[in-house]
file model.cif (mmCIF, C-alpha atoms)
data_upload
loop_
_atom_site.label_atom_id
_atom_site.label_comp_id
_atom_site.auth_asym_id
_atom_site.auth_seq_id
_atom_site.Cartn_x
_atom_site.Cartn_y
_atom_site.Cartn_z
CA MET A 293 53.85 61.99 4.02
CA PHE A 294 56.95 62.34 1.82
CA GLU A 295 59.72 64.51 3.30
CA PRO A 296 63.07 65.15 1.59
CA THR A 297 66.05 63.87 3.58
CA GLY A 298 68.81 65.74 1.69
CA SER A 299 70.12 69.28 2.11
CA GLN A 300 67.52 71.94 2.76
CA ARG A 301 69.64 74.70 1.20
CA ASP A 302 68.45 76.45 -1.94
CA ALA A 303 70.16 75.66 -5.22
CA ALA A 304 72.36 78.77 -5.31
CA SER A 305 73.60 78.22 -1.76
CA ALA A 306 74.31 74.55 -2.48
CA ILE A 307 76.33 75.44 -5.59
CA PHE A 308 78.29 78.22 -3.89
CA ASN A 309 78.83 75.87 -0.91
CA LEU A 310 80.09 78.35 1.68
CA PRO A 311 79.42 76.72 5.09
CA ASP A 312 77.06 78.62 7.44
CA TYR A 313 76.04 81.06 4.68
CA GLN A 314 73.17 81.32 2.21
CA VAL A 315 73.13 83.20 -1.09
CA LEU A 316 70.88 86.27 -1.21
CA SER A 317 71.60 87.46 -4.74
CA ALA A 318 74.02 86.98 -7.63
CA VAL A 319 74.67 89.57 -10.35
CA GLU A 320 77.32 89.96 -13.03
CA ASP A 321 79.10 93.23 -13.67
CA ALA A 322 80.32 94.60 -16.99
CA GLU A 323 83.71 92.89 -16.65
CA GLY A 324 82.15 89.46 -16.21
CA VAL A 325 82.85 89.18 -12.48
CA ARG A 326 79.94 87.78 -10.50
CA ARG A 327 79.00 89.57 -7.30
CA ILE A 328 77.57 87.11 -4.75
CA GLU A 329 75.80 88.51 -1.71
CA VAL A 330 75.44 86.17 1.27
CA GLU A 331 74.30 86.20 4.88
CA THR A 332 74.62 83.81 7.77
CA THR A 333 72.02 81.08 8.16
CA ALA A 334 71.61 81.18 11.96
CA PRO A 335 71.69 83.92 14.61
CA PRO A 336 74.93 83.93 16.60
CA GLY A 337 75.46 83.76 20.33
CA CYS A 338 76.82 86.62 22.35
CA PRO A 339 80.62 86.27 22.65
CA VAL A 340 80.42 87.16 26.36
CA CYS A 341 77.37 85.35 27.78
CA GLY A 342 76.53 82.97 24.92
CA VAL A 343 72.82 83.87 24.74
CA LEU A 344 71.43 83.56 21.19
CA ALA A 345 70.55 86.86 19.58
CA VAL A 346 67.05 87.55 18.28
CA ARG A 347 67.11 91.26 17.41
CA VAL A 348 69.17 92.90 14.66
CA HIS A 349 70.85 96.17 15.56
CA SER A 350 72.16 97.17 12.10
CA ARG A 351 73.48 95.85 8.81
CA ARG A 352 76.50 96.61 6.67
CA ARG A 353 78.10 95.05 3.64
CA GLN A 354 81.62 93.69 3.86
CA ARG A 355 83.67 92.55 0.90
CA LEU A 356 85.51 89.26 1.33
CA ARG A 357 88.15 87.45 -0.67
CA ASP A 358 86.98 83.97 -1.57
CA LEU A 359 87.77 81.05 -3.84
CA PRO A 360 86.96 81.44 -7.54
CA VAL A 361 83.83 79.34 -8.08
CA ALA A 362 83.49 78.51 -11.79
CA GLY A 363 85.30 81.77 -12.49
CA PRO A 364 86.10 85.04 -10.70
CA VAL A 365 83.77 85.89 -7.81
CA GLU A 366 83.37 89.00 -5.69
CA LEU A 367 81.87 88.03 -2.35
CA VAL A 368 79.79 90.50 -0.32
CA TRP A 369 78.67 89.58 3.18
CA ALA A 370 75.50 91.25 4.43
CA LYS A 371 76.87 91.39 7.94
CA ARG A 372 74.53 92.04 10.82
CA ARG A 373 75.12 93.54 14.22
CA TRP A 374 72.93 92.05 16.94
CA PHE A 375 71.53 93.10 20.32
CA CYS A 376 72.33 91.03 23.37
CA ASP A 377 69.05 90.87 25.31
CA GLU A 378 70.63 89.39 28.45
CA ALA A 379 70.14 92.09 31.09
CA ARG A 380 73.16 91.06 33.16
CA CYS A 381 75.54 90.95 30.18
CA ARG A 382 77.91 93.87 29.82
CA ARG A 383 77.96 93.43 26.05
CA LYS A 384 75.01 95.28 24.57
CA THR A 385 75.67 94.71 20.86
CA PHE A 386 78.05 92.53 18.88
CA SER A 387 78.91 91.68 15.27
CA GLU A 388 78.50 88.17 14.00
CA VAL A 389 81.51 85.99 13.25
CA THR A 390 81.72 82.49 11.76
CA ASP A 391 84.27 79.73 11.33
CA GLN A 392 84.73 80.78 7.73
CA VAL A 393 85.17 84.48 8.57
CA PRO A 394 86.61 85.00 12.07
CA ALA A 395 86.82 88.42 13.69
CA TYR A 396 88.80 91.00 11.69
CA ALA A 397 89.23 88.56 8.78
CA ARG A 398 88.94 89.76 5.20
CA SER A 399 89.36 86.37 3.56
CA THR A 400 87.35 83.19 3.96
CA ALA A 401 88.95 80.25 5.73
CA ARG A 402 88.51 78.03 2.66
CA LEU A 403 90.50 80.53 0.56
CA CYS A 404 93.31 80.59 3.13
CA GLN A 405 93.38 76.80 3.21
CA ALA A 406 93.44 76.60 -0.58
CA LEU A 407 96.33 79.10 -0.80
CA LEU A 408 98.33 77.19 1.81
CA SER A 409 97.65 73.82 0.21
CA ALA A 410 98.60 75.05 -3.26
CA VAL A 411 101.96 76.35 -2.05
CA VAL A 412 102.90 73.71 0.53
CA SER A 413 101.34 70.47 -0.68
CA SER A 414 101.31 71.09 -4.44
CA GLY A 415 104.64 72.92 -4.49
CA ARG A 416 103.46 75.84 -6.63
CA ALA A 417 105.13 79.24 -6.58
CA ALA A 418 103.51 81.82 -4.30
CA SER A 419 103.28 84.37 -7.13
CA GLU A 420 101.55 81.87 -9.43
CA VAL A 421 99.06 80.91 -6.69
CA ALA A 422 98.32 84.58 -6.05
CA ARG A 423 97.53 85.18 -9.73
CA ALA A 424 95.35 82.08 -9.97
CA HIS A 425 93.24 83.16 -6.98
CA ARG A 426 93.21 86.89 -7.81
CA VAL A 427 94.87 87.90 -4.55
CA SER A 428 98.14 89.64 -3.71
CA TRP A 429 101.45 87.91 -3.17
CA TRP A 430 101.53 89.45 0.30
CA LEU A 431 98.39 87.58 1.31
CA VAL A 432 99.88 84.24 0.24
CA ALA A 433 103.12 85.03 2.06
CA SER A 434 101.24 86.00 5.22
CA MET A 435 99.32 82.69 5.12
CA ILE A 436 102.61 80.77 4.89
CA SER A 437 104.20 82.74 7.73
CA ALA A 438 101.14 82.31 9.94
CA ALA A 439 101.05 78.56 9.31
CA ALA A 440 104.79 78.25 10.00
CA ASP A 441 104.28 79.95 13.38
CA LEU A 442 101.80 77.20 14.31
CA LEU A 443 104.21 74.34 13.69
CA THR A 444 105.18 72.15 16.60
CA ASP A 445 108.06 73.52 18.62
CA PRO A 446 111.20 71.40 18.01
CA ASP A 447 111.56 71.06 21.79
CA ASP A 448 108.30 69.10 21.81
CA VAL A 449 109.65 66.53 19.32
CA VAL A 450 111.68 63.73 20.89
CA VAL A 451 114.69 63.20 18.63
CA ARG A 452 117.04 60.26 19.06
CA ARG A 453 118.92 60.54 15.80
CA LEU A 454 119.75 63.90 14.27
CA GLY A 455 121.12 64.71 10.82
CA VAL A 456 122.99 67.90 9.90
CA ASP A 457 123.84 68.97 6.35
CA GLU A 458 124.22 72.18 4.39
CA HIS A 459 122.80 73.45 1.09
CA ARG A 460 123.22 76.61 -0.94
CA TYR A 461 119.93 78.49 -1.13
CA ARG A 462 120.99 81.13 -3.68
CA SER A 463 123.48 81.33 -6.51
CA VAL A 464 127.04 82.52 -5.94
CA ARG A 465 127.42 86.29 -5.91
CA PHE A 466 130.37 88.62 -6.22
CA PHE A 467 130.71 91.94 -4.39
CA ARG A 468 133.30 94.63 -4.89
CA ASP A 469 135.32 95.41 -1.77
CA PRO A 470 136.59 98.91 -0.81
CA ASP A 471 139.98 98.15 -2.39
CA GLY A 472 138.36 97.57 -5.79
CA GLY A 473 138.67 93.78 -5.77
CA TRP A 474 135.88 91.24 -5.95
CA GLN A 475 134.74 89.06 -3.09
CA ARG A 476 132.93 85.77 -3.64
CA TYR A 477 129.84 85.17 -1.50
CA GLU A 478 128.08 81.84 -1.23
CA PRO A 479 124.78 82.00 0.71
CA TRP A 480 124.63 78.70 2.58
CA MET A 481 122.01 77.32 4.95
CA THR A 482 122.27 74.32 7.24
CA THR A 483 119.41 71.85 7.68
CA LEU A 484 118.79 69.88 10.88
CA VAL A 485 116.63 66.79 10.35
CA ASP A 486 115.15 64.04 12.49
CA THR A 487 116.66 61.06 10.68
CA ASP A 488 114.02 58.69 12.08
CA THR A 489 111.10 60.54 10.44
CA GLY A 490 112.80 62.78 7.87
CA ARG A 491 111.19 65.93 9.27
CA VAL A 492 113.16 69.15 9.01
CA LEU A 493 113.43 70.57 12.53
CA GLY A 494 115.36 73.73 11.80
CA VAL A 495 117.13 75.74 9.12
CA VAL A 496 119.95 78.09 10.10
CA ASP A 497 122.08 80.53 8.14
CA GLY A 498 125.60 79.58 7.13
CA ARG A 499 127.44 76.28 7.41
CA ASP A 500 129.75 77.00 10.31
CA SER A 501 129.71 75.95 13.93
CA ALA A 502 128.11 79.21 15.10
CA GLY A 503 124.75 78.71 13.37
CA VAL A 504 124.36 75.05 14.33
CA GLY A 505 125.62 75.69 17.84
CA THR A 506 123.19 78.57 18.40
CA TRP A 507 120.23 76.47 17.23
CA LEU A 508 121.21 73.56 19.49
CA ALA A 509 121.80 75.89 22.44
CA ALA A 510 118.24 77.20 22.04
CA ARG A 511 116.83 73.70 22.63
CA SER A 512 115.96 72.52 26.11
CA GLN A 513 118.39 70.42 28.12
CA ALA A 514 115.97 67.49 28.05
CA TRP A 515 115.83 67.66 24.25
CA ARG A 516 119.61 67.67 23.95
CA ASP A 517 119.99 64.83 26.43
CA ALA A 518 117.63 62.67 24.34
CA VAL A 519 119.81 62.88 21.20
CA GLU A 520 121.90 59.72 20.95
CA VAL A 521 123.51 59.87 17.49
CA VAL A 522 124.16 62.73 15.06
CA ALA A 523 125.00 62.05 11.39
CA ILE A 524 127.13 64.63 9.57
CA ASP A 525 129.41 64.83 6.58
CA PRO A 526 133.15 65.15 7.33
CA SER A 527 132.82 68.75 8.55
CA ALA A 528 135.06 69.98 11.35
CA ALA A 529 132.71 72.95 11.93
CA PHE A 530 129.70 70.71 12.55
CA ARG A 531 131.72 68.40 14.80
CA LYS A 532 132.88 71.37 16.87
CA ALA A 533 129.28 72.53 17.45
CA LEU A 534 128.23 69.01 18.42
CA ARG A 535 131.05 68.59 20.89
CA GLU A 536 130.07 71.84 22.58
CA GLN A 537 126.28 71.42 22.65
CA LEU A 538 125.77 67.62 22.50
CA PRO A 539 128.79 66.18 24.30
CA ALA A 540 126.99 62.93 25.15
CA ALA A 541 125.83 62.23 21.58
CA ALA A 542 127.84 59.95 19.30
CA VAL A 543 128.87 61.43 15.94
CA SER A 544 128.42 59.28 12.82
CA VAL A 545 130.07 60.31 9.58
CA ASP A 546 128.00 59.79 6.45
CA ALA A 547 129.24 56.97 4.20
CA PHE A 548 128.14 58.73 1.01
CA HIS A 549 130.55 61.61 1.59
CA LEU A 550 133.45 59.27 2.35
CA VAL A 551 132.87 57.33 -0.87
CA LYS A 552 132.64 60.64 -2.72
CA LEU A 553 136.05 61.61 -1.34
CA ALA A 554 137.41 58.29 -2.61
CA ASN A 555 135.88 58.91 -6.04
CA ASP A 556 137.42 62.39 -6.06
CA ALA A 557 140.79 60.79 -5.36
CA VAL A 558 140.34 58.38 -8.28
CA THR A 559 139.44 61.30 -10.57
CA ALA A 560 142.44 63.33 -9.40
CA VAL A 561 144.79 60.39 -10.04
CA ARG A 562 143.32 59.78 -13.50
CA GLN A 563 143.73 63.44 -14.46
CA ARG A 564 147.31 63.56 -13.16
CA VAL A 565 148.36 60.36 -14.94
CA ILE A 566 147.01 61.57 -18.29
CA ARG A 567 148.67 64.98 -17.92
CA GLU A 568 152.02 63.41 -17.02
CA ALA A 569 151.88 60.77 -19.78
CA LYS A 570 150.47 62.91 -22.63
CA GLY A 571 151.12 66.48 -21.59
CA ARG A 572 147.45 67.46 -21.91
CA ARG A 573 144.06 66.83 -20.40
CA GLY A 574 141.95 63.82 -21.33
CA ARG A 575 140.24 63.60 -24.70
CA LEU A 576 137.73 61.40 -26.45
CA GLU A 577 140.57 59.28 -27.84
CA ASP A 578 141.75 58.32 -24.34
CA PRO A 579 140.08 55.15 -22.91
CA ALA A 580 140.52 56.38 -19.33
CA TRP A 581 138.64 59.59 -20.16
CA VAL A 582 135.90 57.81 -22.11
CA ASN A 583 135.32 55.39 -19.23
CA ARG A 584 135.85 57.94 -16.43
CA ARG A 585 132.36 57.34 -15.05
CA LEU A 586 132.95 53.59 -15.08
CA LEU A 587 135.84 54.15 -12.66
CA LEU A 588 133.41 55.74 -10.20
CA ARG A 589 130.90 52.89 -10.28
CA ALA A 590 130.72 50.47 -7.38
CA GLY A 591 132.75 47.41 -8.32
CA ASP A 592 130.18 44.91 -7.04
CA THR A 593 127.49 46.42 -9.29
CA LEU A 594 129.47 46.08 -12.54
CA SER A 595 128.20 43.56 -15.05
CA PRO A 596 130.74 41.11 -16.57
CA ARG A 597 130.78 43.22 -19.72
CA ALA A 598 131.40 46.47 -17.78
CA LEU A 599 134.11 44.81 -15.69
CA ALA A 600 135.86 43.57 -18.84
CA ARG A 601 135.72 47.10 -20.29
CA LEU A 602 137.22 48.50 -17.08
CA LYS A 603 140.10 46.02 -17.14
CA ALA A 604 140.76 46.79 -20.81
CA THR A 605 140.83 50.51 -20.00
CA LEU A 606 143.40 50.06 -17.24
CA ARG A 607 145.59 47.90 -19.46
CA ALA A 608 145.49 50.40 -22.32
CA ASP A 609 145.66 53.76 -20.55
CA ASP A 610 147.30 53.22 -17.13
CA PRO A 611 151.04 52.89 -17.75
CA THR A 612 152.00 53.41 -14.11
CA ASP A 613 149.16 51.32 -12.61
CA GLU A 614 148.25 54.30 -10.43
CA ILE A 615 144.67 54.60 -11.70
CA GLY A 616 144.06 50.93 -10.95
CA ALA A 617 145.62 51.33 -7.49
CA ALA A 618 143.35 54.30 -6.70
CA TRP A 619 140.32 52.36 -7.92
CA GLY A 620 141.28 49.40 -5.70
CA ILE A 621 141.67 51.68 -2.66
CA LYS A 622 138.23 53.15 -3.35
CA GLU A 623 136.73 49.67 -3.44
CA GLN A 624 138.49 48.68 -0.21
CA LEU A 625 137.00 51.75 1.48
CA ARG A 626 133.54 50.72 0.31
CA ALA A 627 134.12 47.26 1.78
CA LEU A 628 135.23 48.85 5.05
CA LEU A 629 132.08 50.98 5.29
CA THR A 630 129.86 47.93 4.81
CA SER A 631 131.58 45.86 7.51
CA GLY A 632 129.26 43.87 9.73
CA SER A 633 131.24 44.38 12.92
CA LEU A 634 134.00 46.50 14.41
CA ALA A 635 136.43 43.56 14.19
CA ASP A 636 135.81 43.29 10.44
CA ALA A 637 136.14 47.05 10.10
CA HIS A 638 139.53 47.09 11.84
CA GLU A 639 140.76 44.28 9.59
CA GLN A 640 139.56 46.17 6.51
CA LYS A 641 141.26 49.31 7.78
CA MET A 642 144.60 47.48 8.08
CA ARG A 643 144.26 46.22 4.51
CA LEU A 644 143.37 49.72 3.33
CA GLY A 645 146.40 51.18 5.11
CA VAL A 646 148.73 48.64 3.47
CA SER A 647 147.29 49.47 0.05
CA VAL A 648 147.72 53.20 0.63
CA LEU A 649 151.37 52.71 1.67
CA ALA A 650 152.02 50.56 -1.40
CA ALA A 651 150.36 53.07 -3.73
CA ASP A 652 152.39 56.00 -2.33
CA MET A 653 150.30 58.70 -4.03
CA PRO A 654 149.44 62.13 -2.56
CA GLU A 655 145.77 61.75 -3.49
CA THR A 656 145.30 58.47 -1.62
CA ASP A 657 147.48 59.70 1.27
CA ARG A 658 145.05 62.59 1.79
CA LEU A 659 142.15 60.14 1.69
CA TRP A 660 143.84 57.97 4.32
CA ALA A 661 144.44 61.01 6.53
CA THR A 662 140.72 61.78 6.40
CA ILE A 663 139.81 58.19 7.25
CA ASP A 664 142.21 58.20 10.19
CA THR A 665 140.92 61.56 11.48
CA TRP A 666 137.30 60.46 11.34
CA TRP A 667 137.80 56.87 12.46
CA ASP A 668 135.81 57.27 15.69
CA ALA A 669 132.82 58.55 13.67
CA ILE A 670 133.24 55.69 11.19
CA GLU A 671 133.04 53.21 14.06
CA VAL A 672 129.77 54.83 15.16
CA LEU A 673 128.49 54.51 11.58
CA ILE A 674 129.32 50.79 11.49
CA VAL A 675 127.73 50.09 14.89
CA THR A 676 124.57 52.22 14.55
CA GLY A 677 124.10 52.41 10.78
CA VAL A 678 122.95 56.05 11.13
CA THR A 679 123.51 57.97 7.89
CA ASN A 680 122.47 61.31 6.45
CA ALA A 681 120.22 59.70 3.83
CA ARG A 682 117.03 61.37 5.10
CA THR A 683 118.86 64.67 5.44
CA GLU A 684 120.01 64.45 1.82
CA ALA A 685 116.44 63.59 0.79
CA ALA A 686 115.21 66.69 2.63
CA ASN A 687 117.83 68.79 0.83
CA THR A 688 116.62 67.42 -2.50
CA SER A 689 113.09 68.61 -1.67
CA ILE A 690 114.51 71.95 -0.55
CA LYS A 691 116.26 72.41 -3.88
CA GLN A 692 112.94 71.83 -5.64
CA ILE A 693 111.37 74.56 -3.49
CA LYS A 694 114.23 76.86 -4.49
CA ARG A 695 113.74 76.12 -8.18
CA THR A 696 109.99 76.69 -7.93
CA GLY A 697 110.49 80.06 -6.25
CA ARG A 698 113.15 81.07 -8.79
CA GLY A 699 115.39 82.02 -5.89
CA TYR A 700 114.59 83.63 -2.55
CA ARG A 701 115.74 87.03 -1.39
CA ASN A 702 114.12 86.69 2.03
CA PRO A 703 115.58 83.81 4.05
CA ALA A 704 112.60 83.88 6.43
CA ASN A 705 110.15 83.08 3.60
CA TYR A 706 112.44 80.34 2.35
CA ARG A 707 112.74 78.84 5.83
CA ALA A 708 108.96 78.92 6.37
CA ARG A 709 108.28 77.04 3.12
CA ILE A 710 110.90 74.41 3.96
CA LEU A 711 109.48 73.73 7.42
CA LEU A 712 105.87 73.61 6.21
CA ALA A 713 106.62 71.33 3.26
CA SER A 714 108.57 68.94 5.46
CA ALA A 715 105.88 68.87 8.15
CA ALA A 716 103.19 68.18 5.55
CA ARG A 717 105.23 65.40 3.92
CA THR A 718 106.11 63.61 7.15
CA ALA A 719 102.56 63.88 8.49
CA ALA A 720 101.04 62.32 5.37
#

call {"tool": "encode", "arguments": {"input": "model.cif", "output": "structure tokens"}}
result
Amino acid sequence: MFEPTGSQRDAASAIFNLPDYQVLSAVEDAEGVRRIEVETTAPPGCPVCGVLAVRVHSRRRQRLRDLPVAGPVELVWAKRRWFCDEARCRRKTFSEVTDQVPAYARSTARLCQALLSAVVSSGRAASEVARAHRVSWWLVASMISAAADLLTDPDDVVVRRLGVDEHRYRSVRFFRDPDGGWQRYEPWMTTLVDTDTGRVLGVVDGRDSAGVGTWLAARSQAWRDAVEVVAIDPSAAFRKALREQLPAAAVSVDAFHLVKLANDAVTAVRQRVIREAKGRRGRLEDPAWVNRRLLLRAGDTLSPRALARLKATLRADDPTDEIGAAWGIKEQLRALLTSGSLADAHEQKMRLGVSVLAADMPETDRLWATIDTWWDAIEVLIVTGVTNARTEAANTSIKQIKRTGRGYRNPANYRARILLASAARTAA
């Protein structure tokens, strides 16, 4: 005898593909929206005693939000209430629930999963996802908040290397004070990242020691004791919070920010030399201005042609040799940061100090003061190699979330999207 081995569902139920449900009817209203009526395929068990129900107490129709299936769909569940025939059970009747529609739910689980995936994994705006699925923005936001609440507690994540960095989550704003003047307000947030995995562990308001210190103080003592190295940019506020909350952890300063400070010094020297020599700012006719980006390039990455152009620029537009001196100091700092050992680093530091003394410029003196202040953290960087690269990568993803949302007025929604997106990315 021939017996089919595939699905035993009818065609309509197979096409609609809602698990544990079968299609009873499908009609189309005047606006072109299809109304699909479904019911469960198997009698449920009593939620108290677990005995399968056999008698129906009553029926009612419940509207559910569901995925659009080949167009807009209005889903109606012919929901049954059942008798519990177990004599010793205190529950006499009960309503059926399923995995797709838990108790008190008004949306199917597959719709909730699709909304969450569209926002978190695909990076779409919550408002655009709501329009595409014919639901409210509030439903999408509630799905994101609920999913964020289920994330692993940071205390349960063993972190050996931590990264701390700030980002601005909204544009600069100006507010009028009671005296009639204007006050500048920059809404900053600080990101704390596990630099081994790149996962964002926390996002706090501001970029001062209070926010970071409060977040660290909320962690368990075992969690704080496990942190060995923390990478930060040259921020005194962050270092203060770390000294208070993670006194046993070594602080590593990020090499990228130190090189950026050196590049800023080169730019400041170039601008000052042009102003002093020509009484104006740089123009297209000035070789030093035309090749200003070449001055910021790493010297060991310059091609022979680019290096020749740089030398020609310094000969033609550096009458005091100060631009060349600043460029040389920047390159010596890069060599210091790539030292293979502490002995090499100390030797490079001595050479850098001699060059700074010989240059005798306020811009490079300030750079040297920063290097000297953060020397202990630079030594940690050379020994451990811990940088804020993964933290910067997380901030890049965060900026994309900000652009997609066209700005966030509610920091809690912004924080939830950041944590979910990072968890999804690191788990993939």

call {"tool": "resolve_selection", "arguments": {"input": "model.cif", "expression": "the PyMOL selection byres ((chain A and resi 488) around 10)", "output": "VMD selection string"}}
result
chain A and resid 451 to 455 485 to 487 489 to 491 678 682

call {"tool": "resolve_selection", "arguments": {"input": "model.cif", "expression": "the PyMOL selection byres ((chain A and resi 372) around 8)", "output": "MDAnalysis selection string"}}
result
chainID A and resid 348:352 370:371 373:374 387:388

call {"tool": "closest_residue", "arguments": {"input": "model.cif", "among": "A:Val343, A:Leu606, A:Val393, A:Val672", "to": "Leu310 of chain A", "atoms": "only C-alpha atoms"}}
result
A:Val393

call {"tool": "resolve_selection", "arguments": {"input": "model.cif", "expression": "the PyMOL selection byres ((chain A and resi 513-521) around 10)", "output": "ChimeraX atom specification"}}
result
/A:446-455,486-487,508-512,522-524,537-544,672-673,676,678-679

call {"tool": "residues_near_point", "arguments": {"input": "model.cif", "point": "(100.1, 83.7, -2.1)", "cutoff": "9 Å", "atoms": "all atoms listed in the file", "output": "VMD selection string"}}
result
chain A and resid 407 to 408 410 to 411 417 to 423 425 427 to 436

call {"tool": "residues_around", "arguments": {"input": "model.cif", "residues": "Gln314 of chain A", "least_positions_apart": "2", "cutoff": "6 Å", "atoms": "only C-alpha atoms", "output": "mmCIF file with C-alpha atoms, keeping the file's coordinate frame"}}
result
data_model
loop_
_atom_site.group_PDB
_atom_site.id
_atom_site.type_symbol
_atom_site.label_atom_id
_atom_site.label_comp_id
_atom_site.auth_asym_id
_atom_site.auth_seq_id
_atom_site.Cartn_x
_atom_site.Cartn_y
_atom_site.Cartn_z
ATOM 1 C CA SER A 305 73.600 78.220 -1.760
ATOM 2 C CA VAL A 330 75.440 86.170 1.270
ATOM 3 C CA GLU A 331 74.300 86.200 4.880
#

call {"tool": "atom_distance", "arguments": {"input": "model.cif", "atom1": "atom CA of Asn702 of chain A", "atom2": "atom CA of Gly472 of chain A"}}
result
27.7 Å

call {"tool": "residues_near_point", "arguments": {"input": "model.cif", "point": "(86.2, 86.2, -12.2)", "cutoff": "7 Å", "atoms": "all atoms listed in the file", "output": "ChimeraX atom specification"}}
result
/A:324-326,360,363-365

call {"tool": "closest_residue", "arguments": {"input": "model.cif", "among": "A:Asp636, A:Asp664, A:Glu623, A:Glu684", "to": "Asp546 of chain A", "atoms": "all atoms listed in the file"}}
result
A:Glu684

call {"tool": "closest_residue", "arguments": {"input": "model.cif", "among": "A:Arg465, A:Ser501, A:Val558, A:Thr662", "to": "Arg535 of chain A", "atoms": "only C-alpha atoms"}}
result
A:Ser501

call {"tool": "closest_residue", "arguments": {"input": "model.cif", "among": "A:Ala362, A:Leu316, A:Ala395, A:Ala439", "to": "Ala716 of chain A", "atoms": "only C-alpha atoms"}}
result
A:Ala439

call {"tool": "residues_around", "arguments": {"input": "model.cif", "residues": "Trp666 of chain A", "least_positions_apart": "3", "cutoff": "10 Å", "atoms": "only C-alpha atoms", "output": "JSON, numbers by chain"}}
result
{"A": [526, 527, 528, 543, 544, 545, 550, 660, 661, 662, 663, 669, 670, 671]}

call {"tool": "atom_distance", "arguments": {"input": "model.cif", "atom1": "atom CA of Ile307 of chain A", "atom2": "atom CA of Val361 of chain A"}}
result
8.8 Å

call {"tool": "residues_around", "arguments": {"input": "model.cif", "residues": "Cys376 of chain A", "least_positions_apart": "5", "cutoff": "8 Å", "atoms": "all atoms listed in the file", "output": "PyMOL selection string"}}
result
chain A and resi 338+343-345+347+381+383-386

call {"tool": "residues_around", "arguments": {"input": "model.cif", "residues": "Arg462 of chain A", "least_positions_apart": "5", "cutoff": "8 Å", "atoms": "all atoms listed in the file", "output": "MDAnalysis selection string"}}
result
chainID A and resid 478:480 699:700

call {"tool": "atom_distance", "arguments": {"input": "model.cif", "atom1": "atom CA of Val675 of chain A", "atom2": "atom CA of Ala637 of chain A"}}
result
10.1 Å

call {"tool": "residues_around", "arguments": {"input": "model.cif", "residues": "Trp581 of chain A", "least_positions_apart": "4", "cutoff": "9 Å", "atoms": "all atoms listed in the file", "output": "ChimeraX atom specification"}}
result
/A:562-563,566,574-577,585

call {"tool": "write_last_selection", "arguments": {"input": "model.cif", "atoms": "C-alpha atoms", "output": "PDB file, keeping the file's coordinate frame"}}
result
ATOM      1  CA  ARG A 562     143.320  59.780 -13.500  1.00  0.00           C
ATOM      2  CA  GLN A 563     143.730  63.440 -14.460  1.00  0.00           C
ATOM      3  CA  ILE A 566     147.010  61.570 -18.290  1.00  0.00           C
ATOM      4  CA  GLY A 574     141.950  63.820 -21.330  1.00  0.00           C
ATOM      5  CA  ARG A 575     140.240  63.600 -24.700  1.00  0.00           C
ATOM      6  CA  LEU A 576     137.730  61.400 -26.450  1.00  0.00           C
ATOM      7  CA  GLU A 577     140.570  59.280 -27.840  1.00  0.00           C
ATOM      8  CA  ARG A 585     132.360  57.340 -15.050  1.00  0.00           C
TER       9      ARG A 585
END

call {"tool": "build_atoms", "arguments": {"input": "model.cif", "residues": "segment 698-707 of chain A", "atoms": "N, CA and C atoms", "output": "PDB file, in the frame of the given file"}}
result
ATOM      1  N   ARG A 698     112.197  80.319  -7.972  1.00  0.00           N
ATOM      2  CA  ARG A 698     113.150  81.070  -8.790  1.00  0.00           C
ATOM      3  C   ARG A 698     114.109  81.880  -7.915  1.00  0.00           C
ATOM      4  N   GLY A 699     114.492  81.332  -6.797  1.00  0.00           N
ATOM      5  CA  GLY A 699     115.390  82.020  -5.890  1.00  0.00           C
ATOM      6  C   GLY A 699     114.635  82.801  -4.839  1.00  0.00           C
ATOM      7  N   TYR A 700     115.225  82.915  -3.657  1.00  0.00           N
ATOM      8  CA  TYR A 700     114.590  83.630  -2.550  1.00  0.00           C
ATOM      9  C   TYR A 700     115.507  84.727  -2.063  1.00  0.00           C
ATOM     10  N   ARG A 701     114.974  85.930  -1.952  1.00  0.00           N
ATOM     11  CA  ARG A 701     115.740  87.030  -1.390  1.00  0.00           C
ATOM     12  C   ARG A 701     115.548  87.128   0.114  1.00  0.00           C
ATOM     13  N   ASN A 702     114.429  86.624   0.598  1.00  0.00           N
ATOM     14  CA  ASN A 702     114.120  86.690   2.030  1.00  0.00           C
ATOM     15  C   ASN A 702     114.321  85.314   2.648  1.00  0.00           C
ATOM     16  N   PRO A 703     115.352  85.134   3.450  1.00  0.00           N
ATOM     17  CA  PRO A 703     115.580  83.810   4.050  1.00  0.00           C
ATOM     18  C   PRO A 703     114.433  83.345   4.928  1.00  0.00           C
ATOM     19  N   ALA A 704     113.704  84.279   5.556  1.00  0.00           N
ATOM     20  CA  ALA A 704     112.600  83.880   6.430  1.00  0.00           C
ATOM     21  C   ALA A 704     111.493  83.193   5.635  1.00  0.00           C
ATOM     22  N   ASN A 705     111.165  83.715   4.435  1.00  0.00           N
ATOM     23  CA  ASN A 705     110.150  83.080   3.600  1.00  0.00           C
ATOM     24  C   ASN A 705     110.613  81.702   3.136  1.00  0.00           C
ATOM     25  N   TYR A 706     111.871  81.609   2.786  1.00  0.00           N
ATOM     26  CA  TYR A 706     112.440  80.340   2.350  1.00  0.00           C
ATOM     27  C   TYR A 706     112.379  79.309   3.471  1.00  0.00           C
ATOM     28  N   ARG A 707     112.738  79.740   4.676  1.00  0.00           N
ATOM     29  CA  ARG A 707     112.740  78.840   5.830  1.00  0.00           C
ATOM     30  C   ARG A 707     111.314  78.373   6.156  1.00  0.00           C
TER      31      ARG A 707
END
